[in-house]
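Reproduced below: protein_23.cif, with mmCIF, C-alpha atoms and all ligand atoms.
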```cif
data_query
#
loop_
_atom_site.group_PDB
_atom_site.id
_atom_site.type_symbol
_atom_site.label_atom_id
_atom_site.label_comp_id
_atom_site.auth_asym_id
_atom_site.auth_seq_id
_atom_site.Cartn_x
_atom_site.Cartn_y
_atom_site.Cartn_z
ATOM 1 C CA MET A 1 -1.911 -25.485 -7.477
ATOM 2 C CA GLU A 2 -4.549 -22.931 -8.367
ATOM 3 C CA ILE A 3 -4.832 -20.164 -5.768
ATOM 4 C CA LEU A 4 -8.458 -19.192 -5.251
ATOM 5 C CA ASP A 5 -8.212 -16.652 -2.452
ATOM 6 C CA LEU A 6 -6.726 -13.236 -2.010
ATOM 7 C CA PRO A 7 -3.640 -13.015 0.238
ATOM 8 C CA ILE A 8 -4.636 -12.594 3.906
ATOM 9 C CA THR A 9 -3.203 -9.058 4.045
ATOM 10 C CA TRP A 10 -5.769 -7.901 1.449
ATOM 11 C CA ASN A 11 -8.770 -6.546 3.346
ATOM 12 C CA LEU A 12 -11.405 -6.830 0.635
ATOM 13 C CA GLU A 13 -14.067 -4.933 2.548
ATOM 14 C CA GLN A 14 -11.651 -2.035 3.073
ATOM 15 C CA ILE A 15 -10.586 -2.060 -0.592
ATOM 16 C CA LEU A 16 -14.211 -1.957 -1.773
ATOM 17 C CA ASP A 17 -15.059 0.798 0.690
ATOM 18 C CA ASP A 18 -11.992 2.905 -0.250
ATOM 19 C CA LEU A 19 -12.715 2.555 -3.955
ATOM 20 C CA ALA A 20 -16.375 3.484 -3.474
ATOM 21 C CA GLN A 21 -15.614 6.483 -1.234
ATOM 22 C CA HIS A 22 -12.384 7.828 -2.705
ATOM 23 C CA GLY A 23 -11.693 6.046 -5.992
ATOM 24 C CA PHE A 24 -8.438 4.532 -4.703
ATOM 25 C CA SER A 25 -7.064 2.093 -2.142
ATOM 26 C CA VAL A 26 -3.635 1.086 -0.831
ATOM 27 C CA ILE A 27 -2.561 -2.414 0.216
ATOM 28 C CA ASP A 28 0.595 -2.615 2.327
ATOM 29 C CA ASN A 29 2.609 -5.819 2.892
ATOM 30 C CA ALA A 30 0.737 -7.172 -0.102
ATOM 31 C CA TYR A 31 2.622 -10.481 -0.400
ATOM 32 C CA PRO A 32 4.796 -12.758 1.739
ATOM 33 C CA THR A 33 8.437 -11.610 1.650
ATOM 34 C CA THR A 34 9.529 -14.741 -0.206
ATOM 35 C CA PHE A 35 7.166 -13.942 -3.080
ATOM 36 C CA ALA A 36 8.159 -10.264 -3.082
ATOM 37 C CA HIS A 37 11.799 -11.325 -3.493
ATOM 38 C CA GLU A 38 11.003 -13.796 -6.251
ATOM 39 C CA VAL A 39 9.122 -11.241 -8.302
ATOM 40 C CA LEU A 40 11.874 -8.644 -7.763
ATOM 41 C CA ASN A 41 14.428 -11.202 -8.978
ATOM 42 C CA GLU A 42 12.325 -11.970 -12.045
ATOM 43 C CA CYS A 43 12.155 -8.249 -12.799
ATOM 44 C CA MET A 44 15.926 -7.758 -12.336
ATOM 45 C CA ASP A 45 16.766 -10.849 -14.403
ATOM 46 C CA ASN A 46 14.876 -9.335 -17.343
ATOM 47 C CA LEU A 47 15.982 -5.690 -17.098
ATOM 48 C CA GLN A 48 17.996 -5.908 -20.315
ATOM 49 C CA LYS A 49 14.739 -6.550 -22.231
ATOM 50 C CA PHE A 50 12.998 -3.368 -21.025
ATOM 51 C CA ARG A 51 12.163 -0.759 -23.669
ATOM 52 C CA ASN A 52 11.822 3.022 -23.481
ATOM 53 C CA ALA A 53 8.109 3.484 -22.726
ATOM 54 C CA GLY A 54 8.019 6.948 -24.274
ATOM 55 C CA ILE A 55 8.778 5.674 -27.787
ATOM 56 C CA GLN A 56 5.714 4.730 -29.813
ATOM 57 C CA ASN A 57 5.944 3.991 -33.528
ATOM 58 C CA GLY A 58 9.475 5.374 -33.451
ATOM 59 C CA VAL A 59 8.387 8.722 -31.993
ATOM 60 C CA GLN A 60 9.687 9.815 -28.574
ATOM 61 C CA SER A 61 7.058 11.416 -26.321
ATOM 62 C CA HIS A 62 8.240 13.655 -23.497
ATOM 63 C CA ILE A 63 5.480 12.762 -21.070
ATOM 64 C CA ARG A 64 7.366 9.744 -19.671
ATOM 65 C CA SER A 65 10.926 8.470 -19.507
ATOM 66 C CA ASP A 66 10.514 5.089 -17.772
ATOM 67 C CA HIS A 67 11.324 1.672 -19.284
ATOM 68 C CA ILE A 68 8.860 -1.206 -19.479
ATOM 69 C CA LEU A 69 8.502 -4.902 -20.279
ATOM 70 C CA TRP A 70 5.035 -6.313 -21.021
ATOM 71 C CA ILE A 71 4.322 -9.444 -18.984
ATOM 72 C CA ASP A 72 3.669 -12.585 -20.993
ATOM 73 C CA THR A 73 3.170 -16.198 -19.885
ATOM 74 C CA GLN A 74 6.946 -16.763 -19.699
ATOM 75 C CA LEU A 75 7.227 -14.425 -16.720
ATOM 76 C CA GLU A 76 5.834 -17.020 -14.347
ATOM 77 C CA ILE A 77 6.226 -15.212 -11.034
ATOM 78 C CA ALA A 78 4.649 -11.987 -12.286
ATOM 79 C CA GLN A 79 1.812 -14.142 -13.677
ATOM 80 C CA GLN A 80 0.937 -15.126 -10.107
ATOM 81 C CA HIS A 81 0.367 -11.455 -9.278
ATOM 82 C CA ILE A 82 -1.844 -11.144 -12.365
ATOM 83 C CA HIS A 83 -3.754 -14.206 -11.196
ATOM 84 C CA THR A 84 -4.363 -12.544 -7.816
ATOM 85 C CA LEU A 85 -5.576 -9.423 -9.608
ATOM 86 C CA LYS A 86 -8.059 -11.607 -11.525
ATOM 87 C CA ILE A 87 -9.464 -12.900 -8.247
ATOM 88 C CA LEU A 88 -9.755 -9.289 -7.073
ATOM 89 C CA SER A 89 -11.459 -8.381 -10.373
ATOM 90 C CA ASP A 90 -14.158 -10.996 -9.725
ATOM 91 C CA ALA A 91 -14.837 -9.420 -6.332
ATOM 92 C CA LEU A 92 -14.948 -5.924 -7.863
ATOM 93 C CA ASN A 93 -17.358 -7.151 -10.524
ATOM 94 C CA ARG A 94 -19.642 -8.627 -7.868
ATOM 95 C CA ALA A 95 -19.576 -5.411 -5.821
ATOM 96 C CA PHE A 96 -19.700 -2.765 -8.540
ATOM 97 C CA PHE A 97 -20.791 -4.578 -11.757
ATOM 98 C CA LEU A 98 -17.660 -3.343 -13.540
ATOM 99 C CA GLY A 99 -17.562 -6.124 -16.130
ATOM 100 C CA ILE A 100 -13.776 -6.555 -15.811
ATOM 101 C CA ASN A 101 -12.703 -9.395 -18.094
ATOM 102 C CA ASP A 102 -8.981 -8.936 -18.630
ATOM 103 C CA VAL A 103 -5.768 -7.877 -16.894
ATOM 104 C CA GLU A 104 -2.830 -6.395 -18.839
ATOM 105 C CA ALA A 105 0.442 -5.682 -17.093
ATOM 106 C CA HIS A 106 4.020 -4.569 -17.550
ATOM 107 C CA PHE A 107 7.097 -4.271 -15.383
ATOM 108 C CA ALA A 108 8.309 -0.694 -15.128
ATOM 109 C CA CYS A 109 11.753 0.625 -14.276
ATOM 110 C CA TYR A 110 12.366 4.300 -13.544
ATOM 111 C CA HIS A 111 16.107 4.976 -13.482
ATOM 112 C CA THR A 112 17.390 7.963 -11.526
ATOM 113 C CA GLY A 113 15.934 11.108 -13.139
ATOM 114 C CA GLU A 114 13.002 9.350 -14.827
ATOM 115 C CA PHE A 115 9.339 10.312 -14.376
ATOM 116 C CA TYR A 116 5.839 10.070 -15.836
ATOM 117 C CA ALA A 117 4.088 13.448 -16.129
ATOM 118 C CA LEU A 118 0.411 14.084 -15.278
ATOM 119 C CA HIS A 119 -1.930 11.829 -17.236
ATOM 120 C CA ARG A 120 -4.995 9.607 -17.040
ATOM 121 C CA ASP A 121 -4.691 5.926 -17.972
ATOM 122 C CA ASN A 122 -8.165 6.049 -19.495
ATOM 123 C CA PRO A 123 -9.093 9.591 -20.516
ATOM 124 C CA HIS A 124 -12.799 9.984 -21.432
ATOM 125 C CA GLY A 125 -13.393 6.223 -21.426
ATOM 126 C CA LYS A 126 -11.382 5.851 -24.648
ATOM 127 C CA ASN A 127 -10.075 2.386 -23.716
ATOM 128 C CA GLY A 128 -11.153 -0.567 -21.574
ATOM 129 C CA ARG A 129 -9.067 0.306 -18.514
ATOM 130 C CA VAL A 130 -11.230 0.483 -15.392
ATOM 131 C CA ILE A 131 -8.832 0.138 -12.450
ATOM 132 C CA SER A 132 -5.092 0.849 -12.497
ATOM 133 C CA THR A 133 -2.844 -1.021 -10.069
ATOM 134 C CA VAL A 134 0.823 -0.524 -9.230
ATOM 135 C CA TYR A 135 2.832 -3.014 -7.191
ATOM 136 C CA TYR A 136 6.206 -1.678 -5.967
ATOM 137 C CA LEU A 137 9.070 -4.160 -6.153
ATOM 138 C CA HIS A 138 12.318 -2.427 -5.108
ATOM 139 C CA GLU A 139 13.754 -3.599 -1.793
ATOM 140 C CA THR A 140 13.796 -0.212 -0.015
ATOM 141 C CA TRP A 141 12.505 3.292 -0.599
ATOM 142 C CA GLU A 142 13.414 6.382 1.435
ATOM 143 C CA GLU A 143 11.062 9.370 1.776
ATOM 144 C CA ASP A 144 13.531 11.702 0.056
ATOM 145 C CA TRP A 145 14.092 9.511 -3.002
ATOM 146 C CA GLY A 146 11.232 11.121 -4.951
ATOM 147 C CA GLY A 147 9.279 8.809 -7.228
ATOM 148 C CA GLN A 148 5.985 9.444 -5.442
ATOM 149 C CA LEU A 149 2.675 8.611 -7.050
ATOM 150 C CA HIS A 150 0.852 11.964 -6.946
ATOM 151 C CA PHE A 151 -2.827 11.788 -7.815
ATOM 152 C CA LYS A 152 -6.215 13.452 -7.483
ATOM 153 C CA ASP A 153 -8.898 11.216 -5.985
ATOM 154 C CA LYS A 154 -12.542 11.047 -7.106
ATOM 155 C CA ASN A 155 -13.415 13.896 -4.700
ATOM 156 C CA ASP A 156 -10.695 16.115 -6.220
ATOM 157 C CA VAL A 157 -8.386 15.723 -3.201
ATOM 158 C CA TRP A 158 -4.671 15.399 -4.060
ATOM 159 C CA HIS A 159 -2.546 12.658 -2.450
ATOM 160 C CA THR A 160 1.156 11.838 -2.490
ATOM 161 C CA LEU A 161 1.945 8.171 -2.077
ATOM 162 C CA ILE A 162 5.446 6.882 -1.385
ATOM 163 C CA PRO A 163 6.272 3.808 -3.500
ATOM 164 C CA LYS A 164 6.953 1.644 -0.456
ATOM 165 C CA PRO A 165 8.255 -1.864 -1.178
ATOM 166 C CA ASN A 166 5.526 -4.542 -1.251
ATOM 167 C CA ARG A 167 2.805 -1.881 -1.489
ATOM 168 C CA ILE A 168 0.006 -1.936 -4.068
ATOM 169 C CA ALA A 169 -1.843 1.212 -5.121
ATOM 170 C CA LEU A 170 -5.228 0.737 -6.820
ATOM 171 C CA PHE A 171 -7.105 3.634 -8.419
ATOM 172 C CA GLN A 172 -9.767 4.388 -10.986
ATOM 173 C CA SER A 173 -8.100 4.599 -14.397
ATOM 174 C CA ASP A 174 -9.808 7.922 -15.160
ATOM 175 C CA LEU A 175 -8.036 9.735 -12.290
ATOM 176 C CA LEU A 176 -5.298 12.279 -12.976
ATOM 177 C CA HIS A 177 -1.881 11.133 -11.672
ATOM 178 C CA GLU A 178 1.871 11.355 -12.166
ATOM 179 C CA VAL A 179 5.093 9.687 -11.075
ATOM 180 C CA GLN A 180 7.411 12.315 -9.669
ATOM 181 C CA LEU A 181 11.067 12.215 -10.665
ATOM 182 C CA ALA A 182 12.766 9.185 -9.124
ATOM 183 C CA GLN A 183 16.153 9.605 -7.495
ATOM 184 C CA GLN A 184 16.886 5.876 -7.286
ATOM 185 C CA GLN A 185 15.987 2.886 -9.407
ATOM 186 C CA ARG A 186 12.205 2.412 -8.945
ATOM 187 C CA LEU A 187 10.768 -0.972 -9.948
ATOM 188 C CA SER A 188 7.105 -1.923 -10.218
ATOM 189 C CA ILE A 189 4.417 -3.883 -11.998
ATOM 190 C CA THR A 190 1.663 -1.702 -13.419
ATOM 191 C CA ALA A 191 -1.479 -3.665 -14.258
ATOM 192 C CA TRP A 192 -4.843 -2.558 -15.589
ATOM 193 C CA LEU A 193 -8.133 -4.318 -14.909
ATOM 194 C CA ARG A 194 -10.039 -3.975 -18.193
ATOM 195 C CA ASN A 195 -13.588 -4.396 -19.360
ATOM 196 C CA ASP A 196 -13.126 -4.670 -23.104
ATOM 197 C CA GLN A 197 -16.236 -5.466 -25.080
ATOM 198 C CA THR A 198 -16.182 -8.685 -27.029
ATOM 199 C CA ILE A 199 -17.014 -8.088 -30.673
ATOM 200 C CA TRP A 200 -18.886 -11.045 -32.149
HETATM 201 O O1 LIG B 301 4.271 3.733 -11.032
HETATM 202 C C1 LIG B 301 3.329 4.407 -10.631
HETATM 203 O O2 LIG B 301 3.221 4.767 -9.443
HETATM 204 C C2 LIG B 301 2.256 4.837 -11.628
HETATM 205 C C3 LIG B 301 2.581 4.433 -13.047
HETATM 206 C C4 LIG B 301 1.605 4.972 -14.057
HETATM 207 O O3 LIG B 301 0.940 5.941 -13.834
HETATM 208 C C5 LIG B 301 1.417 4.269 -15.334
HETATM 209 O O4 LIG B 301 2.226 3.381 -15.682
HETATM 210 O O5 LIG B 301 0.445 4.598 -16.050
HETATM 211 FE FE FE B 302 -0.688 5.980 -15.174
#
```
Will you turn the file into structure tokens for me?
Amino acid sequence: MEILDLPITWNLEQILDDLAQHGFSVIDNAYPTTFAHEVLNECMDNLQKFRNAGIQNGVQSHIRSDHILWIDTQLEIAQQHIHTLKILSDALNRAFFLGINDVEAHFACYHTGEFYALHRDNPHGKNGRVISTVYYLHETWEEDWGGQLHFKDKNDVWHTLIPKPNRIALFQSDLLHEVQLAQQQRLSITAWLRNDQTIW
């Protein structure tokens, strides 16, 4: 069955307002617990396929040490999250004329000691990423386990967000942010809402 609506815990008006005012928004208790468990299981079942995200074209970068798996159509539970993000994209397009026409996503696993240093997902508009989203999958997270998402909002105010289970962080892809060193296994789906131009 095709799902046409956002989950009831997603307060669209609040999300739109937060994004307009601050350039980010946070959704807690994003999905029913049963779904949260299913997607966590799908992530765990595929952990052996994750690749070192810092290696590109055989070269190791030192900016990040996490491990990722790009989400394709075979990852059916994660696809449902992507579907929800597409519904959200339609609402964002209606509100802000962002022209979002694609969602790309990967699972991410930060083992103990792993991090992602300060960066922007879309520096100087060099790619089609408009909004970055991170959905946290691990079952528990304690305040002193590190792994915070530390970022500067559109008004240059810094925030530190704990990667609480079943939380989604949404932020403009041009904002500066980092993942502080994790002290436990930290699991998530990072997804980008994109507005790539079609070349005819
Ligand atoms: O996991 C997070 O909190 C942010 C991840 C991130 O910045 C990225 O994958 O680009
Ligand atoms: Fe990022």
>> Which residues, named as in the file, does the PyMOL selection byres (((chain A and resi 37-50) around 6) and not hetatm) pick out? Answer as an MDAnalysis selection string.
In response: chainID A and resid 34:36 51 67:69 77 137
>> Around ligand LIG 301 (chain B), out to 8 Å and counting only C-alpha atoms and all ligand atoms, which residues are there? I want them as a ChimeraX atom specification.
In response: /A:108,116,119-121,132-136,147-150,163,169,177-179,188-190
> Which is closest to ligand FE 302 (chain B) among A:Ile63, A:Leu85, A:Leu92, A:Leu187, if we use all atoms listed in the file?
Replying inline: A:Ile63
>> What's the separation between atom CA of His83 of chain A and atom CA of Thr9 of chain A, in Å to one decimal place?
In response: 16.1 Å
On this file, the PyMOL selection byres (((chain A and resi 29) around 10) and not hetatm) gives some set of residues; write that set as a compact mmCIF listing (two decimals) with C-alpha atoms, keeping the file's coordinate frame.
```txt
# COMPACT_ATOMS: atom_id res chain seq x y z
CA PRO A 7 -3.64 -13.02 0.24
CA ILE A 8 -4.64 -12.59 3.91
CA THR A 9 -3.20 -9.06 4.04
CA TRP A 10 -5.77 -7.90 1.45
CA ILE A 27 -2.56 -2.41 0.22
CA ASP A 28 0.60 -2.62 2.33
CA ALA A 30 0.74 -7.17 -0.10
CA TYR A 31 2.62 -10.48 -0.40
CA PRO A 32 4.80 -12.76 1.74
CA THR A 33 8.44 -11.61 1.65
CA ALA A 36 8.16 -10.26 -3.08
CA LYS A 164 6.95 1.64 -0.46
CA PRO A 165 8.26 -1.86 -1.18
CA ASN A 166 5.53 -4.54 -1.25
CA ARG A 167 2.80 -1.88 -1.49
CA ILE A 168 0.01 -1.94 -4.07
```
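The interatomic distance for the pair atom CA of Trp145 of chain A and atom CA of Gln183 of chain A works out to 4.9 Å.
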At most 12 Å from (-6.5, 5.6, -20.8), file frame, all atoms listed in the file: which residues, as a short mmCIF file (atom, residue, chain, number, x, y, z; two decimals) with C-alpha atoms, in the coordinates of the input?
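For reference, point18.cif as written:
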```cif
data_model
loop_
_atom_site.label_atom_id
_atom_site.label_comp_id
_atom_site.auth_asym_id
_atom_site.auth_seq_id
_atom_site.Cartn_x
_atom_site.Cartn_y
_atom_site.Cartn_z
CA HIS A 119 -1.93 11.83 -17.24
CA ARG A 120 -5.00 9.61 -17.04
CA ASP A 121 -4.69 5.93 -17.97
CA ASN A 122 -8.16 6.05 -19.50
CA PRO A 123 -9.09 9.59 -20.52
CA HIS A 124 -12.80 9.98 -21.43
CA GLY A 125 -13.39 6.22 -21.43
CA LYS A 126 -11.38 5.85 -24.65
CA ASN A 127 -10.07 2.39 -23.72
CA GLY A 128 -11.15 -0.57 -21.57
CA ARG A 129 -9.07 0.31 -18.51
CA VAL A 130 -11.23 0.48 -15.39
CA ILE A 131 -8.83 0.14 -12.45
CA SER A 132 -5.09 0.85 -12.50
CA GLN A 172 -9.77 4.39 -10.99
CA SER A 173 -8.10 4.60 -14.40
CA ASP A 174 -9.81 7.92 -15.16
CA LEU A 175 -8.04 9.74 -12.29
CA LEU A 176 -5.30 12.28 -12.98
CA HIS A 177 -1.88 11.13 -11.67
CA TRP A 192 -4.84 -2.56 -15.59
CA LEU A 193 -8.13 -4.32 -14.91
CA ARG A 194 -10.04 -3.98 -18.19
#
```
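Distances here use only C-alpha atoms and all ligand atoms; by that measure, the residue among A:Ala91, A:Ala117, A:Val59, A:Ile15 closest to ligand FE 302 (chain B) is A:Ala117.
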>> Quick check on the file I pasted: which residues fall under the PyMOL selection byres (((chain A and resi 89) around 9) and not hetatm)? Write them as a VMD selection string.
In response: chain A and resid 84 to 88 90 to 94 98 to 103 193
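Here the question is which of A:Ser65, A:Gln56, A:Asn195, A:Thr73 gets nearest to Gln180 of chain A using only C-alpha atoms, and that residue is A:Ser65.
Residue neighbourhood of Gly23 of chain A, excluding near-sequence residues (fewer than 2 positions): Asp18, Leu19, Ala20, Gln21, Ser25, Asp153, Lys154, Phe171 and Gln172 of chain A, at 8 Å, using all atoms listed in the file.
Interatomic distance, atom FE of ligand FE 302 (chain B) against atom CA of Ser61 of chain A: 14.6 Å.
Closest to ligand FE 302 (chain B) among A:Gly146, A:Leu118, A:Asp72, A:Gln184 is A:Leu118, based on only C-alpha atoms and all ligand atoms.
Considering the residues A:Asp66, A:Asp156, A:Asp144, A:Glu139 and counting only C-alpha atoms and all ligand atoms, ligand FE 302 (chain B) has its shortest atom-to-atom contact with A:Asp66.
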> Counting all atoms listed in the file, which of A:Arg186, A:Leu170, A:His22, A:Gly58 gets nearest to ligand FE 302 (chain B)?
Replying inline: A:Leu170
Would you compute the box with edges along x, y and z of the file around segment 24-33 of chain A, including every atom the file lists for it and 5 Å extra on each side, and give its centre and edge lengths in Å to one decimal, as AutoDock Vina command-line options?
```
--center_x 0.0 --center_y -4.1 --center_z -0.9 --size_x 26.9 --size_y 27.3 --size_z 17.6
```
